[in-house]
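Each remark here refers to the structure printed beneath this line.
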Amino acid sequence: MSNQSMSCQGLRLLVVDDDADTRILLTFLFELEGAEVIAAASADETLKIMSSFKPDILISDICLPDEDGYSLLLKVRNLEAKRGRKIPAIALTASTFEDDHKRALLAGYDIYQCKPIDLDELTSMVASLVGIKEYVCHI
């Protein structure tokens with residue numbers, strides 16, 4: 001990462017990925033910037049977490065072991081609509097096919113990001129989705 005990083009103080013993130021390394025990396029990255037992060041390995045686990053955790057943003061893999069990220073997002077959106085909220089969502093996937101990109105956006109993801117993850121780019125995406133405009137230089 002560059003020495004320009006965003007301050008995520010007070011931001012609540014839900015990271016969903018069946019790959020433990022990705023969950024650890026993203027949790028570490030955003031906690032370093034002051035965010036509260038909860039990570040889940042499956043859609044089912046995500047929905048259980050959502051019963052008590054109200055994230056400001058969802059970052060989710062598309063290929064999950066129990067169901068795909070498209071149907072997960074639909075369930076999350078329905079749950080959040082009942083709460084009078086709509087959280088921004090970023091799709092993470094190893095797929096680089098244009099059809100998958102279109103499908104993710106049509107499913108309701110705000111941003112589609114291919115793996116491997118560019119951490120600077122991801123933090124900028126999170127900042128833009130939640131309206132963080134100020135960047136803090138970390139030495």
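In the structure tokens, the first chain shown is A, the next is B, and so on; residue numbers restart at 1 for each chain, and ligands run from 1 in the order shown.
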
Closest atom pairs, region 11-41 of chain A residues within 8 Å of region 46-67 of chain A, only C-alpha atoms, as JSON lines:
{"residue": "A:Leu11", "atom": "CA", "partner": "A:Asp56", "partner_atom": "CA", "distance": 6.4}
{"residue": "A:Arg12", "atom": "CA", "partner": "A:Pro55", "partner_atom": "CA", "distance": 4.7}
{"residue": "A:Leu13", "atom": "CA", "partner": "A:Pro55", "partner_atom": "CA", "distance": 5.2}
{"residue": "A:Leu14", "atom": "CA", "partner": "A:Leu58", "partner_atom": "CA", "distance": 5.0}
{"residue": "A:Val15", "atom": "CA", "partner": "A:Ile59", "partner_atom": "CA", "distance": 4.9}
{"residue": "A:Val16", "atom": "CA", "partner": "A:Ser60", "partner_atom": "CA", "distance": 4.5}
{"residue": "A:Asp17", "atom": "CA", "partner": "A:Asp61", "partner_atom": "CA", "distance": 5.1}
{"residue": "A:Asp18", "atom": "CA", "partner": "A:Leu64", "partner_atom": "CA", "distance": 5.9}
{"residue": "A:Ala40", "atom": "CA", "partner": "A:Thr46", "partner_atom": "CA", "distance": 5.6}
{"residue": "A:Ala41", "atom": "CA", "partner": "A:Thr46", "partner_atom": "CA", "distance": 7.6}

- prompt: Tell me, which residues of region 24-94 of chain A carry DSSP strand (DSSP E or B), written as JSON, numbers by chain?
  reply: {"A": [36, 37, 38, 39, 40, 57, 58, 59, 60, 61, 89, 90, 91, 92, 93]}

For CA of Thr123 (chain A) and CA of Phe30 (chain A), determine how far apart the two atoms are, in Å to one decimal place.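 Atom-to-atom, CA of Thr123 (chain A) and CA of Phe30 (chain A) are spaced 8.2 Å apart.
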
Using only C-alpha atoms, the best pick from A:Ala39, A:Val126, A:Ile87, A:Ala107 as closest to Thr22 (chain A) would be A:Ala39

Fewer than 5 positions away in the same chain doesn't count, so skip those; otherwise give me all residues within 12 Å of Pro116 (chain A), counting only C-alpha atoms, as a PDB file with N, CA and C atoms, in the first residue's frame.
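And here's result_27.pdb as it stands now:
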ATOM      1  N   ASP A  21      -7.238 -16.532   4.000  1.00  0.00           N
ATOM      2  CA  ASP A  21      -6.201 -15.516   3.816  1.00  0.00           C
ATOM      3  C   ASP A  21      -6.803 -14.172   3.403  1.00  0.00           C
ATOM      4  N   THR A  22      -7.799 -14.204   2.529  1.00  0.00           N
ATOM      5  CA  THR A  22      -8.453 -12.972   2.098  1.00  0.00           C
ATOM      6  C   THR A  22      -9.169 -12.316   3.270  1.00  0.00           C
ATOM      7  N   LEU A  25      -6.488 -10.780   5.563  1.00  0.00           N
ATOM      8  CA  LEU A  25      -5.872  -9.611   4.940  1.00  0.00           C
ATOM      9  C   LEU A  25      -6.800  -8.397   4.988  1.00  0.00           C
ATOM     10  N   ASP A  61     -17.201 -12.042  -1.624  1.00  0.00           N
ATOM     11  CA  ASP A  61     -16.807 -12.914  -2.727  1.00  0.00           C
ATOM     12  C   ASP A  61     -18.087 -13.384  -3.420  1.00  0.00           C
ATOM     13  N   LEU A  92     -16.224  -9.219  -4.878  1.00  0.00           N
ATOM     14  CA  LEU A  92     -14.843  -9.652  -5.116  1.00  0.00           C
ATOM     15  C   LEU A  92     -14.898 -11.018  -5.773  1.00  0.00           C
ATOM     16  N   THR A  93     -14.133 -11.211  -6.814  1.00  0.00           N
ATOM     17  CA  THR A  93     -14.156 -12.500  -7.485  1.00  0.00           C
ATOM     18  C   THR A  93     -12.887 -12.723  -8.283  1.00  0.00           C
ATOM     19  N   ALA A  94     -12.592 -13.965  -8.525  1.00  0.00           N
ATOM     20  CA  ALA A  94     -11.448 -14.314  -9.369  1.00  0.00           C
ATOM     21  C   ALA A  94     -11.829 -14.278 -10.847  1.00  0.00           C
ATOM     22  N   SER A  95     -13.118 -14.210 -11.123  1.00  0.00           N
ATOM     23  CA  SER A  95     -13.582 -14.229 -12.505  1.00  0.00           C
ATOM     24  C   SER A  95     -13.356 -12.887 -13.193  1.00  0.00           C
ATOM     25  N   THR A  96     -12.794 -12.942 -14.383  1.00  0.00           N
ATOM     26  CA  THR A  96     -12.569 -11.726 -15.155  1.00  0.00           C
ATOM     27  C   THR A  96     -13.495 -11.633 -16.370  1.00  0.00           C
ATOM     28  N   GLU A 121      -6.588   0.368  -4.310  1.00  0.00           N
ATOM     29  CA  GLU A 121      -7.810   0.537  -5.095  1.00  0.00           C
ATOM     30  C   GLU A 121      -9.046   0.175  -4.267  1.00  0.00           C
ATOM     31  N   LEU A 122      -8.961  -0.901  -3.505  1.00  0.00           N
ATOM     32  CA  LEU A 122     -10.095  -1.320  -2.681  1.00  0.00           C
ATOM     33  C   LEU A 122     -10.416  -0.283  -1.611  1.00  0.00           C
TER      34      LEU A 122
END

- Query: In terms of the shortest atom-to-atom distance over only C-alpha atoms, which of A:Leu119, A:Ala91, A:Ile111, A:Leu129 is closest to Phe28 (chain A)?
  - Reply: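 Checking each candidate against Phe28 (chain A), we get A:Leu119 as the closest.
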
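The nearest approach to Leu73 (chain A) among the residues A:Cys8, A:Leu106, A:Ala20, A:Leu29, with only C-alpha atoms taken into account, belongs to A:Leu106.
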
Open item on the list: So that I can check the secondary structure, give me every residue of chain A assigned alpha helix (DSSP H) by backbone DSSP, as a ChimeraX atom specification.
Closed with: /A:20-32,43-50,69-82,98-107,119-130

Point to revise | Proximity to Val37 (chain A) - best of A:Tyr109, A:Arg23, A:Phe97, A:Ile90, only C-alpha atoms | key: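 Of A:Tyr109, A:Arg23, A:Phe97, A:Ile90, the one nearest Val37 (chain A) is A:Arg23, counting only C-alpha atoms.
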
CA of Ile117 (chain A) sits from CA of Glu45 (chain A) at a separation of 22.8 Å

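Of note, CA of Lys86 (chain A) and CA of Gly108 (chain A) are spaced 10.5 Å apart.
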
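Every protein, DNA or RNA residue with an atom at most 10 Å from Arg77 (chain A), where only C-alpha atoms count and chain neighbours fewer than 5 positions away do not, is listed here: Ser71, Leu72, Lys82, Arg83, Arg85, Lys86, Ile87, Pro88, Ala89 and Gly108 of chain A.
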
Keeping C-alpha atoms, export the residues of the selection given above as a PDB file, in the first residue's frame.
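Heads up, here's the output in out_21.pdb:
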ATOM      1  CA  SER A  71     -28.344 -14.605  -3.834  1.00  0.00           C
ATOM      2  CA  LEU A  72     -26.580 -13.516  -0.649  1.00  0.00           C
ATOM      3  CA  LYS A  82     -36.793  -3.958   6.461  1.00  0.00           C
ATOM      4  CA  ARG A  83     -34.448  -1.848   8.588  1.00  0.00           C
ATOM      5  CA  ARG A  85     -31.293   0.893   5.051  1.00  0.00           C
ATOM      6  CA  LYS A  86     -29.326   0.036   1.933  1.00  0.00           C
ATOM      7  CA  ILE A  87     -25.681  -0.761   2.454  1.00  0.00           C
ATOM      8  CA  PRO A  88     -23.196  -0.385  -0.383  1.00  0.00           C
ATOM      9  CA  ALA A  89     -21.691  -3.651  -1.620  1.00  0.00           C
ATOM     10  CA  GLY A 108     -27.117  -5.006  -7.041  1.00  0.00           C
TER      11      GLY A 108
END

| message | Give me, as a ChimeraX atom specification, all polymer residues having an atom no more than 12 Å from Glu98 (chain A), counting only C-alpha atoms and skipping those fewer than 3 positions away in the same chain. | response | /A:95,101-105,112-114

Generate a file of the selected residues that holds all heavy atoms, formatted as a tab-separated table (two decimals), in the first residue's frame.
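So the final result, stored in out_6.tsv, reads:
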chain	number	residue	atom	x	y	z
A	95	SER	N	-13.12	-14.21	-11.12
A	95	SER	CA	-13.58	-14.23	-12.50
A	95	SER	C	-13.36	-12.89	-13.19
A	95	SER	O	-13.70	-11.84	-12.66
A	95	SER	CB	-15.08	-14.56	-12.56
A	95	SER	OG	-15.54	-14.43	-13.88
A	101	HIS	N	-19.12	-9.71	-14.59
A	101	HIS	CA	-19.11	-8.31	-14.16
A	101	HIS	C	-20.51	-7.72	-14.29
A	101	HIS	O	-21.03	-7.12	-13.34
A	101	HIS	CB	-18.10	-7.54	-15.02
A	101	HIS	CG	-17.93	-6.11	-14.63
A	101	HIS	ND1	-16.83	-5.40	-14.97
A	101	HIS	CD2	-18.71	-5.26	-13.94
A	101	HIS	CE1	-16.93	-4.17	-14.51
A	101	HIS	NE2	-18.06	-4.06	-13.88
A	102	LYS	N	-21.12	-7.91	-15.44
A	102	LYS	CA	-22.48	-7.38	-15.67
A	102	LYS	C	-23.48	-8.01	-14.71
A	102	LYS	O	-24.35	-7.32	-14.16
A	102	LYS	CB	-22.91	-7.65	-17.12
A	102	LYS	CG	-22.19	-6.81	-18.14
A	102	LYS	CD	-22.60	-7.19	-19.54
A	102	LYS	CE	-21.76	-6.47	-20.56
A	102	LYS	NZ	-22.03	-6.92	-21.93
A	103	ARG	N	-23.37	-9.31	-14.50
A	103	ARG	CA	-24.31	-10.01	-13.61
A	103	ARG	C	-24.21	-9.47	-12.18
A	103	ARG	O	-25.23	-9.30	-11.50
A	103	ARG	CB	-24.03	-11.51	-13.63
A	103	ARG	CG	-25.02	-12.29	-12.80
A	103	ARG	CD	-24.85	-13.79	-12.94
A	103	ARG	NE	-25.79	-14.47	-12.07
A	103	ARG	CZ	-25.65	-15.68	-11.63
A	103	ARG	NH1	-24.60	-16.40	-12.01
A	103	ARG	NH2	-26.53	-16.22	-10.82
A	104	ALA	N	-23.01	-9.20	-11.71
A	104	ALA	CA	-22.82	-8.67	-10.35
A	104	ALA	C	-23.47	-7.30	-10.21
A	104	ALA	O	-24.16	-7.03	-9.22
A	104	ALA	CB	-21.34	-8.61	-10.01
A	105	LEU	N	-23.28	-6.46	-11.20
A	105	LEU	CA	-23.88	-5.13	-11.14
A	105	LEU	C	-25.40	-5.21	-11.24
A	105	LEU	O	-26.12	-4.50	-10.52
A	105	LEU	CB	-23.29	-4.22	-12.23
A	105	LEU	CG	-21.79	-3.94	-12.10
A	105	LEU	CD1	-21.30	-3.10	-13.26
A	105	LEU	CD2	-21.46	-3.29	-10.76
A	112	TYR	N	-17.62	-4.01	-8.82
A	112	TYR	CA	-17.12	-5.35	-9.12
A	112	TYR	C	-15.61	-5.27	-9.15
A	112	TYR	O	-15.03	-4.51	-9.94
A	112	TYR	CB	-17.66	-5.78	-10.49
A	112	TYR	CG	-17.26	-7.16	-10.94
A	112	TYR	CD1	-18.03	-8.27	-10.60
A	112	TYR	CD2	-16.15	-7.35	-11.75
A	112	TYR	CE1	-17.69	-9.54	-11.05
A	112	TYR	CE2	-15.80	-8.62	-12.20
A	112	TYR	CZ	-16.58	-9.70	-11.85
A	112	TYR	OH	-16.24	-10.95	-12.29
A	113	GLN	N	-14.94	-6.02	-8.29
A	113	GLN	CA	-13.48	-6.00	-8.21
A	113	GLN	C	-12.92	-7.40	-8.42
A	113	GLN	O	-13.31	-8.33	-7.71
A	113	GLN	CB	-13.05	-5.46	-6.85
A	113	GLN	CG	-11.57	-5.43	-6.62
A	113	GLN	CD	-10.83	-4.46	-7.54
A	113	GLN	OE1	-11.35	-3.42	-7.89
A	113	GLN	NE2	-9.65	-4.82	-7.95
A	114	CYS	N	-12.01	-7.54	-9.36
A	114	CYS	CA	-11.38	-8.84	-9.61
A	114	CYS	C	-10.20	-9.05	-8.66
A	114	CYS	O	-9.52	-8.12	-8.28
A	114	CYS	CB	-10.87	-8.91	-11.05
A	114	CYS	SG	-12.18	-8.97	-12.26
